Amino acid sequence: MIELNAATKRYGSLAAVDNVSFSVKAGESFALLGPNGAGKTTIVKMLLDFTRPSSGSLLLNGLSSTDAASRAAVGYLAENHHIPPYLSGWQYLERCAQLLDINPSAVPEQCRRIVDLIGMQGREHTKTGTYSKGMIQRFGLGAALMGNPKLLILDEPTSGLDPIGIREIRQLLESLKKQGITIFLNSHLLSEVEKICDNAAIINNGRLLVKDTISSLIKDGDSLEDVFVRLVKG
Amino acid sequence: MKMQKALPSIIKIAKYTITDEVRQRSFAVMFIVCAVFIFLVRGCYHGNYVVNGQDVEAGKIVQMVSTMTFHVIAIGVMFLAALLSMRVFRRDRDDGTQSCILSKPITRWQYVAGKILGLWALLIIFMFVLHGIVFIMASINLNVFLPEYLMASLLCSLNLLFVIVTVLLLSLMMPDIAAFLCVTGIGIVGVVADGIYAVSHSPMVQAVIQQPGPQQDFTFWKVIYYLWPKLSGAQHFASSFIGGSGLSNLGSLYPLINVLLYCVILGALLFWRFKSEDIV
């Protein structure tokens with residue numbers, strides 16, 4: 001579903017992503033971990049063709065990431081999600097549905113389903129300018145779920161959410177995982193990653209340090225946090 | 001076939017662009033101010049005008065005032081086009097619209113084409129409505145019909161396309177306000193150059209130039225003059241239809257061709273430049 005082959009992104013002399021290779025299979029829930037500035041978001045941006053790799057290649061759904069068709073059936077949630085403040089949450093979801101060419105007669109039903117799924121009933125018709133960061137994040141996740149995607153790319157999905165919201169999103173992701181949806185997760189919340197994901201890769205300074213199953217990474221009784229700190233601090 | 005597939009997405013993005021702009025309070029305020037200004041011009045149609053002791057025909061007054069208003073509206077909407085275009089990419093970036101659209105199976109050229117189409121359609125409608133108000137006022141008050149007025153308005157829309165494409169391109173390379181000022185500068189230099197050209201071709205100046213003495217070579221400046229974007233030339237060509245002088249010779253089409261070529265070249269550059277743009 002996702003394949004990185006020696007992907008490198010340079011900004012002048014700085015290598016934000018340096019010769020990274022890994023793959024994520026269909027149905028897998030995968031976490032990309034790393035400290036701030038490690039290159040996680042750059043990898044996501046390269047996958048979505050928001051930025052082009054300096055060298056190497058990235059495949060999404062078997063197609064080059066530069067091909068727009070590779071983004072069909074892909075849902076994306078940005079780290080700091082924004083929604084035009086003059087739109088209501090409902091209007092935003094409608095736009096996302098229209099951009100995905102969903103049958104116009106099915107759009108209201110799809111939007112209703114998403115609103116229920118993200119738990120925003122009763123607030124969907126107010127302007128997003130009045131929403132909290134957590135509410136915007138929920139609608140962002142809702143937009144990513146529009147059109148029943150086969151792959152979800154989530155960059156810090158719990159950013160700005162309170163503990164109850166984090167728990168709800170985790171439960172939602174767990175149910176999506178059970179439905180066979182591939183999840184590619186960028187997160188700092190290692191305890192959540194441990195609960196949701198099967199596999200993880202840890203990167204630092206743009207380089208891949210390790211890629212393995214979560215159970216293999218924490219096999220010696222360590223928590224994922226212990227493993228992460230040990231690897232990143234070298 | 002490829003274009004047929006791409007068109008619905010372009011139209012959707014154009015529709016969102018129009019609705020997003022119209023939703024801005026500043027847009028509504030600008031439209032009301034412009035409409036009020038046009039209604040104020042109504043007073044110029046009435047009253048007796050005397051030139052060298054002779055009364056001027058009402059028809060001539062209507063034509064003259066309408067032509068002047070035509071130019072004021074066209075220039076005003078060009079300014080508005082630059083103002084709206086300069087912030088389009090930045091606003092889309094800041095409010096997440098760009099990443100929302102481009103994370104879907106939509107190509108960058110579809111996004112840019114949708115933005116251009118949306119802005120252009122909105123501004124054509126804006127200008128056409130304002131020109132339409134003048135047309136209706138002249139028609140109702142004085143029974144003088146100037147259907148060519150509306151055609152001239154549509155011809156002038158090519159200038160709007162130039163402004164939109166140029167500002168969008170420049171806003172990718174420099175601060176928004178600098179992009180706005182650059183395009184305004186291009187327009188002002190064009191008007192001044194046209195003025196100098198007209199003066200230099202007046203019989204009096206020609207007589208001075210043809211006097212014996214050291215001659216200066218203006219070839220370089222002439223080339224620059226002809227290659228410079230002919231925004232004011234295209235506008236004058238369009239306005240020449242008001243009152244019926246219209247297309248006198250093929251040479252008078254040059255400003256339109258000049259602006260059209262600039263639109264094509266700058267449009268191609270815009271698509272090429274946006275392709276390598278990092279989406280935030």
# chains A, B, ... in the order shown; residues from 1 in each chain; ligands from 1

call {"tool": "closest_atom_pairs", "arguments": {"of": "chain B", "to": "chain A", "cutoff": "12 Å", "atoms": "only C-alpha atoms", "output": "tab-separated table"}}
result
residue	atom	partner	partner_atom	distance
B:Lys5	CA	A:Asp101	CA	11.1
B:Ala6	CA	A:Ala68	CA	11.4
B:Pro8	CA	A:Asp101	CA	8.9
B:Ser9	CA	A:Leu99	CA	6.8
B:Ile10	CA	A:Leu99	CA	10.0
B:Ile11	CA	A:Leu99	CA	10.5
B:Lys12	CA	A:Leu99	CA	7.4
B:Ile13	CA	A:Leu99	CA	8.4
B:Ala14	CA	A:Leu99	CA	11.9
B:Lys15	CA	A:Arg95	CA	10.7
B:Tyr16	CA	A:Arg95	CA	8.5
B:Thr17	CA	A:Pro84	CA	12.0
B:Thr19	CA	A:Tyr86	CA	10.5
B:Asp20	CA	A:Tyr86	CA	8.3
B:Glu21	CA	A:Tyr86	CA	10.8
B:Val22	CA	A:Tyr86	CA	11.2
B:Arg23	CA	A:Tyr86	CA	7.6
B:Gln24	CA	A:Tyr86	CA	8.7
B:Arg25	CA	A:Tyr86	CA	10.8
B:Arg91	CA	A:Pro84	CA	9.0
B:Asp92	CA	A:Pro84	CA	8.4
B:Arg93	CA	A:His82	CA	9.3
B:Asp94	CA	A:His82	CA	7.4
B:Asp95	CA	A:Pro84	CA	4.9
B:Gly96	CA	A:His82	CA	4.7
B:Thr97	CA	A:Ile83	CA	7.1
B:Gln98	CA	A:Phe50	CA	9.8
B:Ser99	CA	A:Phe50	CA	7.9
B:Cys100	CA	A:Cys96	CA	7.7
B:Ile101	CA	A:Leu99	CA	7.2
B:Leu102	CA	A:Phe50	CA	7.7
B:Ser103	CA	A:Leu48	CA	6.1
B:Lys104	CA	A:Arg71	CA	5.8
B:Pro105	CA	A:Ala68	CA	4.7
B:Ile106	CA	A:Ala68	CA	5.8
B:Thr107	CA	A:Ala68	CA	5.6
B:Arg108	CA	A:Ala68	CA	8.7
B:Trp109	CA	A:Ala68	CA	10.8
B:Gln110	CA	A:Ala68	CA	10.6
B:Tyr111	CA	A:Leu99	CA	11.2
B:Phe274	CA	A:Phe50	CA	10.9
B:Lys275	CA	A:Thr51	CA	9.5
B:Ser276	CA	A:Arg52	CA	7.5
B:Glu277	CA	A:Thr51	CA	7.3
B:Asp278	CA	A:Thr51	CA	4.9
B:Ile279	CA	A:Phe50	CA	4.7
B:Val280	CA	A:Phe50	CA	7.4

call {"tool": "select_by_dssp", "arguments": {"residues": "range 7-175 of chain A", "states": "helix (DSSP H, G or I)", "output": "MDAnalysis selection string"}}
result
chainID A and resid 40:47 68:71 89:99 104:117 128:130 133:145 163:175

call {"tool": "residues_around", "arguments": {"residues": "Gly43 in chain B", "least_positions_apart": "4", "cutoff": "12 Å", "atoms": "only C-alpha atoms", "output": "JSON, numbers by chain"}}
result
{"B": [37, 38, 39, 47, 48, 61, 62, 65, 134, 137, 138, 141]}

call {"tool": "write_last_selection", "arguments": {"atoms": "N, CA and C atoms", "output": "CSV table (one decimal), in the first residue's frame"}}
result
chain,number,residue,atom,x,y,z
B,37,PHE,N,-21.1,54.6,-6.6
B,37,PHE,CA,-20.4,55.5,-7.5
B,37,PHE,C,-21.0,55.6,-8.9
B,38,ILE,N,-21.4,54.4,-9.4
B,38,ILE,CA,-22.0,54.4,-10.8
B,38,ILE,C,-23.3,55.2,-10.7
B,39,PHE,N,-24.1,55.0,-9.7
B,39,PHE,CA,-25.4,55.7,-9.6
B,39,PHE,C,-25.2,57.2,-9.5
B,47,GLY,N,-28.7,67.9,-17.6
B,47,GLY,CA,-28.1,69.2,-17.6
B,47,GLY,C,-27.7,69.6,-19.0
B,48,ASN,N,-27.5,70.9,-19.2
B,48,ASN,CA,-27.1,71.4,-20.5
B,48,ASN,C,-25.6,71.7,-20.6
B,61,ILE,N,-23.2,63.5,-25.2
B,61,ILE,CA,-22.9,63.6,-23.8
B,61,ILE,C,-23.0,62.2,-23.2
B,62,VAL,N,-24.1,61.5,-23.5
B,62,VAL,CA,-24.2,60.1,-23.0
B,62,VAL,C,-23.0,59.3,-23.4
B,65,VAL,N,-19.8,60.4,-21.5
B,65,VAL,CA,-19.8,60.0,-20.1
B,65,VAL,C,-19.8,58.5,-19.9
B,134,VAL,N,-24.6,51.1,-16.0
B,134,VAL,CA,-24.4,52.2,-16.9
B,134,VAL,C,-25.3,52.1,-18.1
B,137,MET,N,-28.9,52.6,-17.2
B,137,MET,CA,-29.2,54.0,-16.9
B,137,MET,C,-29.3,54.9,-18.2
B,138,ALA,N,-28.3,54.6,-19.1
B,138,ALA,CA,-28.3,55.4,-20.4
B,138,ALA,C,-29.6,55.0,-21.2
B,141,ASN,N,-32.9,56.5,-19.1
B,141,ASN,CA,-33.1,57.9,-19.0
B,141,ASN,C,-33.1,58.7,-20.3

call {"tool": "atom_distance", "arguments": {"atom1": "CA of Leu154 in chain A", "atom2": "CA of Leu185 in chain A"}}
result
5.0 Å

call {"tool": "residues_around", "arguments": {"residues": "Gly119 in chain A", "least_positions_apart": "4", "cutoff": "12 Å", "atoms": "only C-alpha atoms", "output": "count of residues only"}}
result
18

call {"tool": "closest_residue", "arguments": {"among": "A:Thr42, A:Leu224, A:Glu174, A:Ser88", "to": "Gly122 in chain A", "atoms": "only C-alpha atoms"}}
result
A:Ser88

call {"tool": "residues_around", "arguments": {"residues": "Arg170 in chain A", "least_positions_apart": "5", "cutoff": "10 Å", "atoms": "only C-alpha atoms", "output": "ChimeraX atom specification"}}
result
/A:157-158,164-165,175-176,192-193,195-196

call {"tool": "select_by_dssp", "arguments": {"residues": "range 94-198 of chain A", "states": "strand (DSSP E or B)", "output": "list in words"}}
result
Lys127, Leu151, Leu152, Ile153, Leu154, Asp155, Thr182, Ile183, Phe184, Leu185 and Asn186 of chain A

call {"tool": "residues_around", "arguments": {"residues": "Leu93 in chain A", "least_positions_apart": "4", "cutoff": "7 Å", "atoms": "only C-alpha atoms", "output": "list of chain:residue names"}}
result
A:Gly89, A:Ala97, A:Cys111, A:Ala143

call {"tool": "closest_residue", "arguments": {"among": "A:Val107, A:Ala15, A:Leu161, A:Ile181", "to": "Met146 in chain A", "atoms": "only C-alpha atoms"}}
result
A:Val107

call {"tool": "residues_around", "arguments": {"residues": "range 148-155 of chain B", "least_positions_apart": "3", "cutoff": "7 Å", "atoms": "only C-alpha atoms", "output": "ChimeraX atom specification"}}
result
/B:128,131-132,135,158,238-239,241-242

call {"tool": "write_last_selection", "arguments": {"atoms": "N, CA and C atoms", "output": "CSV table (one decimal), in the first residue's frame"}}
result
chain,number,residue,atom,x,y,z
B,128,PHE,N,-19.2,43.2,-15.5
B,128,PHE,CA,-20.4,43.2,-16.4
B,128,PHE,C,-21.6,43.9,-15.7
B,131,HIS,N,-21.0,47.7,-15.6
B,131,HIS,CA,-21.2,48.2,-16.9
B,131,HIS,C,-22.6,48.1,-17.3
B,132,GLY,N,-23.3,47.1,-16.9
B,132,GLY,CA,-24.7,46.9,-17.2
B,132,GLY,C,-25.6,48.0,-16.5
B,135,PHE,N,-25.3,50.9,-18.7
B,135,PHE,CA,-26.0,50.6,-19.9
B,135,PHE,C,-27.5,50.9,-19.7
B,158,LEU,N,-10.3,40.3,-20.9
B,158,LEU,CA,-9.0,39.7,-21.2
B,158,LEU,C,-7.9,40.4,-20.3
B,238,ALA,N,-11.3,48.1,-26.8
B,238,ALA,CA,-12.6,47.7,-26.4
B,238,ALA,C,-13.6,48.9,-26.4
B,239,SER,N,-13.1,50.0,-25.8
B,239,SER,CA,-14.0,51.1,-25.7
B,239,SER,C,-14.2,51.8,-27.1
B,241,PHE,N,-15.4,50.4,-29.5
B,241,PHE,CA,-16.7,49.9,-30.0
B,241,PHE,C,-17.8,50.8,-29.6
B,242,ILE,N,-17.6,51.5,-28.4
B,242,ILE,CA,-18.7,52.3,-27.9
B,242,ILE,C,-18.9,53.5,-28.9

call {"tool": "atom_distance", "arguments": {"atom1": "CA of Gly234 in chain A", "atom2": "CA of Lys25 in chain A"}}
result
28.7 Å

call {"tool": "closest_residue", "arguments": {"among": "A:Trp90, A:Phe184, A:Tyr131, A:Phe228", "to": "Asp155 in chain A", "atoms": "only C-alpha atoms"}}
result
A:Phe184

call {"tool": "atom_distance", "arguments": {"atom1": "CA of Leu170 in chain B", "atom2": "CA of Ile75 in chain B"}}
result
19.9 Å
